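Enquirer: Below is a structure I'd like to ask you about.
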Amino acid sequence: MSRIIFHIDVNSAFLSWNAVKMVSGGEPDIRLVPSVVSGDPADRRSIVTAASMPAKKLGIKTAEPLSSALRKCPDLVVVRGDWEWYKRCSAAFVEICRRYSPVLQRFSIDECFLDMTGRTEKKTAVETATRLKDEVKSQLGFTVNVGIGSNKLLAKMASDFEKPDRVHTLWMEEVPGKMWPLKVRDLLWVGKKTEEKLGARGIDTVGQLAGTDPALLAELVGKKFAQQLHENANGRDDEPVETERAEPKSCSAERTFAHDLSAPEDVDRQLFNVACIVAHRIRREGFRAQCVSVAVKYKDFSVSQKQCTLPHPTDVTAIILNAGRRLLPDIWDGTPIRQVSLGVSHFVRDRSEQLVLFEDSRLEYYRQWDRDYDAAHARPAGDDAAE
DNA sequence: TCTGGGGTCCTAGGACCC
DNA sequence: TCTGGGGTCCTAGGACCC
């Protein structure tokens, strides 16, 4: 049986959400002027997190350095991100979507899929989606795009058509007309590198990709990815709308420094900072991790990374930090670096202690230190999505 | 002009085991 | 002296997403 899937995507999410808050406080609507959400303009490493439509019309793009955006538009309005507010906006947006179908998958903080099969029909789908879109706008003050298709891929592609505040369909029979003329880069999962590889073989459009022999594609991008690309370019996708939030598999924190660092004590201090953050997060979620990894990013953006497996899963900051400290010399040659990161993975959930295996008089001291840290950094356990 | 932060999945090689 | 096939786990790196 044919499915009906909606993909709902908040237009310029972070920027819109900042705007809603500002407008409610009597400030001008930054959506109507060139504006961006970004970091400190004085920090040359700030990048654009979100841009208004007028900013986009000036060629300002997401992830572009703020300094570059400011050159394109010296009058650019720059506002700071507000993660707690974003989470509230996201929750309110998802609540409205959920009224239309309980079969809802949060795809990111500002996107979700709805399986509308049995809740609307093909001929009424646009009407239903328009109602949803208008309800979000009137109740929450920001706009969304709704993409409609017979699977998640088509719905997602459709929501990316003309913005903002629009509903688009991409049914299977519309694929040749609406999707095949697009550049391959517009297809989900085709990034810069894949675009280059395909382009080198003269494959520039989704339609050309759809008509390419999967065996040839496999030589370019590997068998598994080739299969998926070929299916998707032909509009096929049978991924279900997953209502259960998957358990996280890893947790990491990174710090990019205002100036490149080369002094070992400076780098160690930053390593300490990210280890505290990561360990705190997994304690909050009730995980212990068995694998620790550390990475540095050099001036030329090359990354060196190394990981190790711990003898026992842990959530103790000191143990995670020490693992990181042991790894660091293997990946860092002492030349200036712009970023350090630490991550943990291979989680376990059980709370059984293994103090017997782990006779360390300092352990209780470490745990108390962690409890103090957690108390000082207490925040409601977040159901936070990434962006 | 100088490029953030936080994730997921895949690949490929080596170690090790039967 | 040269030799198998399959499986799992670990690790480093790469590509993508928002």
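Within each chain, counting starts at residue 1; across the structure tokens, chains are named A, B, ... in the order shown, with ligands numbered 1 upward in that order.
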I need the residues in range 92-153 of chain A that are alpha helix (DSSP H) according to DSSP; give them as a list in words.
Expert: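 Across range 92-153 of chain A, those assigned alpha helix (DSSP H) are Ala92, Phe93, Val94, Glu95, Ile96, Cys97, Arg98, Arg99, Tyr100, Ala125, Val126, Glu127, Thr128, Ala129, Thr130, Arg131, Leu132, Lys133, Asp134, Glu135, Val136, Lys137, Ser138, Gln139, Leu140, Lys152 and Leu153 of chain A.
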Enquirer: Please provide the set of residues having any atom within 12 Å of Asn18 in chain A, restricted to only C-alpha atoms (C1' of nucleotides), with same-chain residues fewer than 2 positions apart removed, written as a PyMOL selection string.
Expert: chain A and resi 12-16+20-25+27-31+35-38+49-52+77-89+141-142
Enquirer: Report as CSV: every residue of chain A with an atom at most 12 Å from chain B, its closest pair of atoms, and their distance in Å to one decimal, counting only C-alpha atoms (C1' of nucleotides), with rows sorted by chain and ascending residue number.
Expert:
residue,atom,partner,partner_atom,distance
A:Ser38,CA,B:DG4,C1',9.5
A:Gly39,CA,B:DG4,C1',9.0
A:Asp40,CA,B:DG4,C1',11.8
A:Asp43,CA,B:DG4,C1',11.6
A:Arg44,CA,B:DC2,C1',8.1
A:Arg45,CA,B:DT3,C1',7.1
A:Ser46,CA,B:DG4,C1',7.0
A:Ile47,CA,B:DG4,C1',6.5
A:Val48,CA,B:DG4,C1',8.8
A:Thr49,CA,B:DG4,C1',8.4
A:Thr62,CA,B:DG4,C1',11.1
A:Ala63,CA,B:DT3,C1',7.9
A:Glu64,CA,B:DT3,C1',6.8
A:Pro65,CA,B:DT3,C1',5.7
A:Leu66,CA,B:DT3,C1',9.3
A:Ser67,CA,B:DT1,C1',6.8
A:Ser68,CA,B:DT1,C1',5.7
A:Ala69,CA,B:DT1,C1',9.5
A:Leu70,CA,B:DT1,C1',10.4
A:Arg71,CA,B:DT1,C1',9.0
A:Lys72,CA,B:DT1,C1',11.2
A:Phe107,CA,B:DG7,C1',11.9
A:Ser108,CA,B:DG7,C1',10.5
A:Trp189,CA,B:DC9,C1',11.4
A:Val221,CA,B:DT11,C1',10.5
A:Gly222,CA,B:DT11,C1',8.5
A:Lys223,CA,B:DC10,C1',10.4
A:Lys224,CA,B:DC10,C1',8.4
A:Phe225,CA,B:DC10,C1',8.4
A:Ala226,CA,B:DC10,C1',11.9
A:Ala246,CA,B:DT8,C1',11.0
A:Glu247,CA,B:DT8,C1',11.7
A:Pro248,CA,B:DG7,C1',8.8
A:Lys249,CA,B:DT8,C1',8.6
A:Ser250,CA,B:DG7,C1',7.8
A:Cys251,CA,B:DG7,C1',8.0
A:Ser252,CA,B:DG6,C1',7.0
A:Ala253,CA,B:DG6,C1',7.4
A:Glu254,CA,B:DG5,C1',6.9
A:Arg255,CA,B:DG5,C1',8.3
A:Thr256,CA,B:DG4,C1',7.6
A:Phe257,CA,B:DG4,C1',10.7
A:Ala258,CA,B:DG4,C1',11.8
A:Val278,CA,B:DG6,C1',11.5
A:Lys299,CA,B:DC2,C1',10.8
A:Asp300,CA,B:DT3,C1',10.6
A:Phe301,CA,B:DT3,C1',9.1
A:Arg338,CA,B:DT3,C1',11.4
A:Gln339,CA,B:DG4,C1',10.3
A:Val340,CA,B:DG5,C1',11.8
A:Ser341,CA,B:DG5,C1',10.2
A:Leu342,CA,B:DG6,C1',11.6
A:Gly343,CA,B:DG6,C1',10.4
A:Ser345,CA,B:DG7,C1',11.8
A:Asp384,CA,B:DG6,C1',11.0
A:Ala385,CA,B:DG6,C1',9.3
A:Ala386,CA,B:DG6,C1',6.0
A:Glu387,CA,B:DG6,C1',6.8
Enquirer: Find the residues near Lys156 in chain A: any atom within 8 Å, counting only C-alpha atoms (C1' of nucleotides), skip ones fewer than 5 places away on the same chain, and give them as a ChimeraX atom specification.
Expert: /A:6-7,147-148
Enquirer: Keeping C-alpha atoms for every residue in the selection just given, could you write it to a file as a PDB file, in the first residue's frame?
Expert:
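File written: selection-v2.pdb
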ATOM      1  CA  PHE A   6       5.041  14.669   5.393  1.00  0.00           C
ATOM      2  CA  HIS A   7       8.365  16.313   6.071  1.00  0.00           C
ATOM      3  CA  GLY A 147       7.025  18.375   1.775  1.00  0.00           C
ATOM      4  CA  ILE A 148       4.660  15.569   0.796  1.00  0.00           C
TER       5      ILE A 148
END
Enquirer: In Å to one decimal, how far is CA of Lys193 in chain A from CA of Pro240 in chain A?
Expert: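 Calculated distance between CA of Pro240 in chain A and CA of Lys193 in chain A is 27.6 Å.
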Enquirer: I need the residues of range 67-169 of chain A that end up classed as strand (DSSP E) by DSSP on the backbone, written out as a PyMOL selection string.
Expert: chain A and resi 77-79+104-108+111-115+144-149+167-169
Enquirer: Write the selection just made, keeping N, CA and C atoms, as an mmCIF file, in the first residue's frame?
Expert:
data_model
loop_
_atom_site.group_PDB
_atom_site.id
_atom_site.type_symbol
_atom_site.label_atom_id
_atom_site.label_comp_id
_atom_site.auth_asym_id
_atom_site.auth_seq_id
_atom_site.Cartn_x
_atom_site.Cartn_y
_atom_site.Cartn_z
ATOM 1 N N VAL A 77 22.631 42.432 10.519
ATOM 2 C CA VAL A 77 22.265 42.329 11.930
ATOM 3 C C VAL A 77 22.718 40.961 12.426
ATOM 4 N N VAL A 78 23.496 40.961 13.493
ATOM 5 C CA VAL A 78 24.025 39.706 14.033
ATOM 6 C C VAL A 78 23.437 39.471 15.414
ATOM 7 N N VAL A 79 22.760 38.318 15.568
ATOM 8 C CA VAL A 79 22.208 37.979 16.881
ATOM 9 C C VAL A 79 22.810 36.666 17.358
ATOM 10 N N LEU A 104 5.461 9.991 14.332
ATOM 11 C CA LEU A 104 6.298 11.168 14.113
ATOM 12 C C LEU A 104 7.744 10.837 14.429
ATOM 13 N N GLN A 105 8.615 11.272 13.549
ATOM 14 C CA GLN A 105 10.061 11.096 13.771
ATOM 15 C C GLN A 105 10.716 12.468 13.810
ATOM 16 N N ARG A 106 11.350 12.753 14.931
ATOM 17 C CA ARG A 106 12.148 13.990 14.979
ATOM 18 C C ARG A 106 13.439 13.733 14.239
ATOM 19 N N PHE A 107 13.673 14.512 13.217
ATOM 20 C CA PHE A 107 14.873 14.296 12.401
ATOM 21 C C PHE A 107 16.012 15.201 12.871
ATOM 22 N N SER A 108 15.648 16.341 13.376
ATOM 23 C CA SER A 108 16.624 17.245 13.986
ATOM 24 C C SER A 108 15.807 18.234 14.802
ATOM 25 N N GLU A 111 13.210 19.768 12.263
ATOM 26 C CA GLU A 111 12.600 18.968 11.195
ATOM 27 C C GLU A 111 11.958 17.727 11.775
ATOM 28 N N CYS A 112 10.810 17.358 11.210
ATOM 29 C CA CYS A 112 10.280 16.044 11.559
ATOM 30 C C CYS A 112 9.527 15.436 10.387
ATOM 31 N N PHE A 113 9.393 14.132 10.453
ATOM 32 C CA PHE A 113 8.598 13.379 9.489
ATOM 33 C C PHE A 113 7.307 12.931 10.157
ATOM 34 N N LEU A 114 6.223 12.934 9.393
ATOM 35 C CA LEU A 114 4.957 12.380 9.851
ATOM 36 C C LEU A 114 4.514 11.317 8.864
ATOM 37 N N ASP A 115 4.124 10.160 9.386
ATOM 38 C CA ASP A 115 3.481 9.177 8.514
ATOM 39 C C ASP A 115 1.984 9.459 8.557
ATOM 40 N N VAL A 144 6.891 27.286 8.313
ATOM 41 C CA VAL A 144 7.516 26.012 7.963
ATOM 42 C C VAL A 144 7.228 25.702 6.497
ATOM 43 N N ASN A 145 8.047 24.821 5.939
ATOM 44 C CA ASN A 145 7.729 24.205 4.667
ATOM 45 C C ASN A 145 7.283 22.778 4.939
ATOM 46 N N VAL A 146 6.269 22.334 4.193
ATOM 47 C CA VAL A 146 5.871 20.933 4.305
ATOM 48 C C VAL A 146 6.091 20.268 2.951
ATOM 49 N N GLY A 147 6.840 19.184 2.972
ATOM 50 C CA GLY A 147 7.025 18.375 1.775
ATOM 51 C C GLY A 147 6.194 17.114 1.896
ATOM 52 N N ILE A 148 5.537 16.739 0.794
ATOM 53 C CA ILE A 148 4.660 15.569 0.796
ATOM 54 C C ILE A 148 5.139 14.585 -0.257
ATOM 55 N N GLY A 149 5.237 13.320 0.138
ATOM 56 C CA GLY A 149 5.630 12.304 -0.826
ATOM 57 C C GLY A 149 5.218 10.937 -0.347
ATOM 58 N N VAL A 167 3.918 24.585 0.747
ATOM 59 C CA VAL A 167 3.657 23.145 0.721
ATOM 60 C C VAL A 167 3.964 22.653 -0.686
ATOM 61 N N HIS A 168 4.721 21.567 -0.784
ATOM 62 C CA HIS A 168 5.041 20.999 -2.096
ATOM 63 C C HIS A 168 4.831 19.497 -2.061
ATOM 64 N N THR A 169 4.431 18.952 -3.184
ATOM 65 C CA THR A 169 4.345 17.494 -3.300
ATOM 66 C C THR A 169 5.472 16.986 -4.190
#
Enquirer: Would you compute the distance between CA of Thr314 in chain A and CA of Arg245 in chain A? Give it in Å to one decimal.
Expert: 23.6 Å
Enquirer: Rounded to one decimal place, report the CA of Leu170 in chain A-CA of Glu195 in chain A distance in Å.
Expert: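 Interatomic distance, CA of Leu170 in chain A to CA of Glu195 in chain A: 22.6 Å.
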